[in-house]
Amino acid sequence: MDPAAAPAPPVIELTDVVAVLGDFPALAGASLTVARGEILLLQGPNGAGKTTLLRLCAGLVPLTRGTGEVAGYDLTIDREAVRRRVGLLGHQNGLYRDLTVAENVHFWGATVGATATEISAAMERLGVGGRLVDVPVGKLSAGQRRRTALACLVARRAELWLLDEPHAGLDADARDELDHTLRQAAHAGATIIVASHELDRAGALATRTVDVIAGQIREVAA
Amino acid sequence: MSVLIAAKDLRVERRSRVVTNQVLPFAGVTMVIFAFALDKETVLEQVAPGLIWLATMFSLLVLVQRAFAIEADDGAIDTMRVAGVDARAIFVGKAVALAAQLLALEVVLVLLAIVLYRQTVPMDGVVLLVTTLLVATCGLASVGTLYGGLAAGVKGRETLLPLLVLPAVAPVLIGATRAVESALGTVGAVVSDGWPWVGLLVVFAVAFGVGGSLAFGPLIDE
């Protein structure tokens with residue numbers, strides 16, 4: 001058998017996963033496989049388990065039962081290795097408001113030893129280079145802050161982007177810019193999972209959609 | 001990584017000027033109020049070392065709240081954990097930055113005590129005074145970082161932090177006060193009396209430094 005013809009291993013492989021937060025089973029037997037380069041949309045009502053699923057894939061929420069692998073690392077025994085390969089962008093951006101765009105991207109890039117060239121390229125790619133580099137993040141618009149946060153993900157070489165309501169708080173232009181950026185990132189090899197209530201916009205962006213309902217995952221027919 | 005985190009914290013402080021514009025004036029006002037409350041020269045001279053450390057403890061609470069507020073404001077602490085940054089590096093980096101700010105504050109408080117409370121520093125007490133400031137600062141910064149991390153994700157953290165920190169730093173308050181009394185020659189104390197107290201401060205700093213770096217990861221993950 002030609003090894004070159006073998007399919008690439010999935011970036012995410014969850015089987016019958018249970019994650020309990022306090023006494024509440026936020027995920028109750030969820031299974032999911034995500035291939036490299038996919039943009040997957042998670043849709044479902046509030047409290048269905050979308051955010052918990054993202055945090056589980058980021059190695060922040062432990063598995064209570066079931067098996068899971070992210071980027072080839074076991075979610076039960078190797079969460080630290082998982083975390084180094086994943087970028088989670090939730091309702092917050094994870095930025096320091098008193099630092100400039102360049103200082104923020106440099107800080108997060110330096111956590112993985114990114115070079116100055118990589119950091120500059122990340123800022124340029126996300127459109128926060130040039131005149132914005134020396135602007136404190138606290139003075140940026142919501143869209144610019146979100147793009148700075150994505151530049152930080154690029155700078156720290158995240159293979160898997162987990163985005164929770166990424167369009168929230170952005171105006172129409174910023175949403176278009178964000179979608180364009182995410183498509184480019186997926187084209188460049190990043191795998192992206194988006195949890196969103198904005199089904200029209202996120203649905204147009206996604207290459208595949210799943211329903212998350214009561215802690216379980218159901219494939220939506222294309 | 002610790003150096004990166006400490007440098008980032010100190011850069012944030014340099015930009016925001018919270019220590020210089022808020023914490024230092026707060027500590028100064030505290031020292032002046034002590035002078036009003038204990039309006040007798042002999043009393044002030046006797047209790048000056050204790051007042052220096054009481055003002056330091058109160059300021060420590062403000063500094064710790066601030067150190068973790070910059071992480072919590074935009075979810076940076078979560079991002080740091082997702083980025084796979086070692087929790088021990090976060091602990092050491094934040095403790096070093098906190099120690100640097102505390103040390104600067106303590107120098108100002110000692111100078112204020114010299115001016116307001118008519119303290120003098122005999123030449124043979126300088127080494128003991130400097131050693132006490134350094135070692136006590138290490139202990140305070142370790143305790144502050146440990147409990148700051150614990151309280152950061154908890155509802156009511158502003159009121160919880162003093163409840164956790166103040167009892168824990170009581171040994172530093174006692175040991176550092178006695179050692180500074182010996183360094184300044186307060187009420188007939190001699191320099192040689194102070195060194196055993198420095199020993200206590202060393203044990204405290206090592207215990208909380210090592211224990212804190214081990215416990216910090218599970219605490220912030222919770």
# chains A, B, ... in the order shown; residues from 1 in each chain; ligands from 1
>>> closest_atom_pairs(of="chain A", to="chain B", cutoff="8 Å", atoms="only C-alpha atoms", output="CSV")
residue,atom,partner,partner_atom,distance
A:Ala58,CA,B:Val82,CA,6.3
A:Gly59,CA,B:Val82,CA,7.1
A:Leu60,CA,B:Val82,CA,7.0
A:Glu80,CA,B:Gly84,CA,5.6
A:Ala81,CA,B:Gly84,CA,7.1
A:Val82,CA,B:Gly84,CA,7.9
A:Arg83,CA,B:Val82,CA,4.7
A:Arg84,CA,B:Gly84,CA,4.6
A:Arg85,CA,B:Ala83,CA,7.5
A:Val86,CA,B:Val82,CA,6.8
A:Gly87,CA,B:Val82,CA,6.7
A:Leu88,CA,B:Val82,CA,6.9
A:Leu89,CA,B:Thr79,CA,8.0
A:Gln92,CA,B:Asp74,CA,5.2
A:Asn93,CA,B:Asp74,CA,5.8
A:Gly94,CA,B:Ala76,CA,3.8
A:Leu95,CA,B:Ala76,CA,5.8
A:Tyr96,CA,B:Ile70,CA,6.7
A:Asp98,CA,B:Val12,CA,5.8
A:Leu99,CA,B:Val12,CA,6.3
A:Phe107,CA,B:Leu4,CA,7.4
A:Ala110,CA,B:Leu4,CA,7.9
A:Thr111,CA,B:Met1,CA,6.9
A:Arg156,CA,B:Ala83,CA,7.9
>>> write_last_selection(atoms="C-alpha atoms", output="short mmCIF file (atom, residue, chain, number, x, y, z; two decimals), in the first residue's frame")
data_model
loop_
_atom_site.label_atom_id
_atom_site.label_comp_id
_atom_site.auth_asym_id
_atom_site.auth_seq_id
_atom_site.Cartn_x
_atom_site.Cartn_y
_atom_site.Cartn_z
CA ALA A 58 -8.59 22.67 24.26
CA GLY A 59 -7.61 20.43 27.18
CA LEU A 60 -9.23 22.75 29.73
CA GLU A 80 -0.58 19.73 28.23
CA ALA A 81 0.60 18.60 24.77
CA VAL A 82 -2.92 19.16 23.40
CA ARG A 83 -2.96 22.70 24.77
CA ARG A 84 0.24 23.65 22.98
CA ARG A 85 -1.36 22.86 19.61
CA VAL A 86 -4.73 24.49 20.16
CA GLY A 87 -5.94 28.07 20.19
CA LEU A 88 -9.19 28.89 22.00
CA LEU A 89 -10.88 32.20 21.35
CA GLN A 92 -12.86 37.20 25.45
CA ASN A 93 -9.74 37.78 23.38
CA GLY A 94 -7.02 36.92 25.91
CA LEU A 95 -5.18 40.19 25.30
CA TYR A 96 -3.51 42.73 27.60
CA ASP A 98 -2.29 48.19 28.25
CA LEU A 99 0.13 46.54 25.81
CA PHE A 107 4.27 37.80 23.98
CA ALA A 110 7.35 33.97 22.37
CA THR A 111 5.52 31.27 24.37
CA ARG A 156 1.87 30.71 18.49
#
>>> residues_around(residues="stretch 48-56 of chain A", least_positions_apart="3", cutoff="10 Å", atoms="only C-alpha atoms", output="number ranges by chain")
A: 17-21, 25-28, 30, 42-45, 59-63, 68, 70, 75, 79, 88-90, 161-165, 193-196, 211-217; B: 82
>>> closest_residue(among="A:Asp78, A:Asp134, A:Glu69, A:Asp16", to="A:Val105", atoms="only C-alpha atoms")
A:Asp134
>>> residues_around(residues="B:Leu214", least_positions_apart="6", cutoff="10 Å", atoms="only C-alpha atoms", output="count of residues only")
5
>>> closest_atom_pairs(of="stretch 156-209 of chain B", to="stretch 57-63 of chain B", cutoff="9 Å", atoms="only C-alpha atoms", output="tab-separated table")
residue	atom	partner	partner_atom	distance
B:Leu161	CA	B:Leu61	CA	7.3
B:Pro162	CA	B:Leu61	CA	6.6
B:Val165	CA	B:Leu61	CA	7.8
B:Leu166	CA	B:Met57	CA	7.5
B:Val169	CA	B:Met57	CA	8.1
B:Leu173	CA	B:Met57	CA	8.0
>>> select_by_dssp(residues="stretch 111-159 of chain A", states="alpha helix (DSSP H)", output="list in words")
Ala116, Thr117, Glu118, Ile119, Ser120, Ala121, Ala122, Met123, Glu124, Arg125, Ala142, Gly143, Gln144, Arg145, Arg146, Arg147, Thr148, Ala149, Leu150, Ala151, Cys152, Leu153, Val154 and Ala155 of chain A
>>> residues_around(residues="B:Leu134", least_positions_apart="4", cutoff="9 Å", atoms="only C-alpha atoms", output="PDB file with N, CA and C atoms, in the first residue's frame")
ATOM      1  N   ALA B  99       7.246  40.767  43.338  1.00  0.00           N
ATOM      2  CA  ALA B  99       8.341  41.039  44.272  1.00  0.00           C
ATOM      3  C   ALA B  99       9.057  42.333  43.897  1.00  0.00           C
ATOM      4  N   LEU B 103       9.222  45.395  46.454  1.00  0.00           N
ATOM      5  CA  LEU B 103      10.516  45.860  46.940  1.00  0.00           C
ATOM      6  C   LEU B 103      10.635  47.377  46.783  1.00  0.00           C
ATOM      7  N   LEU B 129      18.905  44.914  57.408  1.00  0.00           N
ATOM      8  CA  LEU B 129      17.701  45.551  56.861  1.00  0.00           C
ATOM      9  C   LEU B 129      17.474  45.123  55.403  1.00  0.00           C
ATOM     10  N   VAL B 130      18.537  45.189  54.611  1.00  0.00           N
ATOM     11  CA  VAL B 130      18.407  44.841  53.192  1.00  0.00           C
ATOM     12  C   VAL B 130      18.044  43.366  53.036  1.00  0.00           C
ATOM     13  N   CYS B 138      10.260  38.016  49.121  1.00  0.00           N
ATOM     14  CA  CYS B 138      10.093  36.733  48.412  1.00  0.00           C
ATOM     15  C   CYS B 138       8.912  35.952  49.005  1.00  0.00           C
ATOM     16  N   GLY B 139       8.838  35.922  50.326  1.00  0.00           N
ATOM     17  CA  GLY B 139       7.740  35.204  50.977  1.00  0.00           C
ATOM     18  C   GLY B 139       6.398  35.828  50.663  1.00  0.00           C
TER      19      GLY B 139
END
>>> residues_around(residues="A:His167", least_positions_apart="5", cutoff="9 Å", atoms="only C-alpha atoms", output="PyMOL selection string")
chain A and resi 143+174-175+178-179+196+198+201-202
>>> write_last_selection(atoms="C-alpha atoms", output="mmCIF file, in the first residue's frame")
data_model
loop_
_atom_site.group_PDB
_atom_site.id
_atom_site.type_symbol
_atom_site.label_atom_id
_atom_site.label_comp_id
_atom_site.auth_asym_id
_atom_site.auth_seq_id
_atom_site.Cartn_x
_atom_site.Cartn_y
_atom_site.Cartn_z
ATOM 1 C CA GLY A 143 -12.964 43.945 15.210
ATOM 2 C CA ALA A 174 -15.376 43.281 10.683
ATOM 3 C CA ARG A 175 -17.468 40.109 10.286
ATOM 4 C CA LEU A 178 -13.077 37.733 10.010
ATOM 5 C CA ASP A 179 -14.724 35.232 7.629
ATOM 6 C CA SER A 196 -22.225 30.123 16.887
ATOM 7 C CA GLU A 198 -25.488 33.157 13.845
ATOM 8 C CA ARG A 201 -23.159 33.693 8.553
ATOM 9 C CA ALA A 202 -21.353 30.828 10.258
#
>>> select_by_dssp(residues="stretch 115-219 of chain A", states="strand (DSSP E or B)", output="list in words")
Pro136, Leu160, Trp161, Leu162, Leu163, Asp164, Thr191, Ile192, Ile193, Val194, Ala195, Arg208, Thr209, Val210, Asp211, Val212, Ile213, Gln216, Ile217, Arg218 and Glu219 of chain A
>>> write_last_selection(atoms="N, CA and C atoms", output="short mmCIF file (atom, residue, chain, number, x, y, z; two decimals), in the first residue's frame")
data_model
loop_
_atom_site.label_atom_id
_atom_site.label_comp_id
_atom_site.auth_asym_id
_atom_site.auth_seq_id
_atom_site.Cartn_x
_atom_site.Cartn_y
_atom_site.Cartn_z
N PRO A 136 -2.02 50.69 21.68
CA PRO A 136 -2.46 49.83 22.78
C PRO A 136 -3.77 49.13 22.43
N LEU A 160 -5.15 23.96 15.62
CA LEU A 160 -6.60 23.83 15.76
C LEU A 160 -7.14 25.10 16.41
N TRP A 161 -8.06 25.79 15.72
CA TRP A 161 -8.64 27.04 16.24
C TRP A 161 -10.05 26.73 16.73
N LEU A 162 -10.28 27.01 17.99
CA LEU A 162 -11.60 26.78 18.59
C LEU A 162 -12.21 28.15 18.89
N LEU A 163 -13.26 28.49 18.18
CA LEU A 163 -13.80 29.85 18.27
C LEU A 163 -15.23 29.82 18.79
N ASP A 164 -15.45 30.50 19.90
CA ASP A 164 -16.77 30.53 20.52
C ASP A 164 -17.43 31.87 20.22
N THR A 191 -7.25 23.88 11.20
CA THR A 191 -8.57 23.27 11.38
C THR A 191 -9.35 24.19 12.32
N ILE A 192 -10.58 24.50 11.96
CA ILE A 192 -11.32 25.52 12.72
C ILE A 192 -12.67 24.98 13.16
N ILE A 193 -12.98 25.15 14.43
CA ILE A 193 -14.32 24.80 14.92
C ILE A 193 -14.95 26.07 15.46
N VAL A 194 -16.14 26.35 14.97
CA VAL A 194 -16.84 27.58 15.35
C VAL A 194 -18.14 27.21 16.05
N ALA A 195 -18.33 27.72 17.26
CA ALA A 195 -19.64 27.59 17.93
C ALA A 195 -20.36 28.90 17.74
N ARG A 208 -18.75 22.03 7.21
CA ARG A 208 -19.61 20.99 7.77
C ARG A 208 -20.29 21.53 9.02
N THR A 209 -21.48 21.03 9.32
CA THR A 209 -22.23 21.52 10.48
C THR A 209 -22.69 20.33 11.32
N VAL A 210 -22.58 20.48 12.66
CA VAL A 210 -23.18 19.47 13.54
C VAL A 210 -24.06 20.17 14.56
N ASP A 211 -25.08 19.46 15.00
CA ASP A 211 -25.95 19.94 16.09
C ASP A 211 -25.39 19.46 17.41
N VAL A 212 -25.35 20.34 18.40
CA VAL A 212 -25.02 19.92 19.77
C VAL A 212 -26.30 20.12 20.58
N ILE A 213 -26.86 19.00 21.03
CA ILE A 213 -28.13 19.07 21.75
C ILE A 213 -28.04 18.18 22.99
N GLN A 216 -25.04 15.98 23.37
CA GLN A 216 -24.74 14.98 22.36
C GLN A 216 -24.58 15.65 20.99
N ILE A 217 -23.89 14.99 20.08
CA ILE A 217 -23.58 15.58 18.78
C ILE A 217 -24.28 14.80 17.68
N ARG A 218 -24.99 15.56 16.80
CA ARG A 218 -25.66 14.91 15.66
C ARG A 218 -25.24 15.60 14.38
N GLU A 219 -24.88 14.80 13.42
CA GLU A 219 -24.46 15.33 12.11
C GLU A 219 -25.66 15.97 11.41
#
>>> atom_distance(atom1="atom CA of B:Val198", atom2="atom CA of B:Thr20")
28.7 Å
>>> atom_distance(atom1="atom CA of A:Ile119", atom2="atom CA of A:His106")
6.2 Å
>>> residues_around(residues="B:Val135", least_positions_apart="5", cutoff="9 Å", atoms="only C-alpha atoms", output="PyMOL selection string")
chain B and resi 130+140+176+198+201-202+205
>>> write_last_selection(atoms="C-alpha atoms", output="PDB file, in the first residue's frame")
ATOM      1  CA  VAL B 130      18.407  44.841  53.192  1.00  0.00           C
ATOM      2  CA  LEU B 140       5.050  37.848  50.513  1.00  0.00           C
ATOM      3  CA  ALA B 176      10.113  40.939  59.463  1.00  0.00           C
ATOM      4  CA  VAL B 198      15.610  36.224  58.973  1.00  0.00           C
ATOM      5  CA  LEU B 201      11.594  34.371  56.821  1.00  0.00           C
ATOM      6  CA  VAL B 202      13.854  32.180  54.651  1.00  0.00           C
ATOM      7  CA  ALA B 205       9.795  31.994  51.555  1.00  0.00           C
TER       8      ALA B 205
END
>>> closest_residue(among="B:Ile52, B:Val121, B:Leu10, B:Leu116", to="B:Arg66", atoms="only C-alpha atoms")
B:Leu10
>>> closest_residue(among="B:Pro49, B:Pro218, B:Gly209, B:Gly156", to="B:Ile114", atoms="only C-alpha atoms")
B:Pro49
>>> closest_residue(among="B:Gly148, B:Pro167, B:Gly185, B:Gly93", to="B:Asp124", atoms="only C-alpha atoms")
B:Gly185
>>> atom_distance(atom1="atom CA of A:Pro9", atom2="atom CA of A:Val220")
22.2 Å
>>> closest_residue(among="B:Trp53, B:Tyr117, B:Phe26, B:Phe68", to="B:Lys40", atoms="only C-alpha atoms")
B:Tyr117
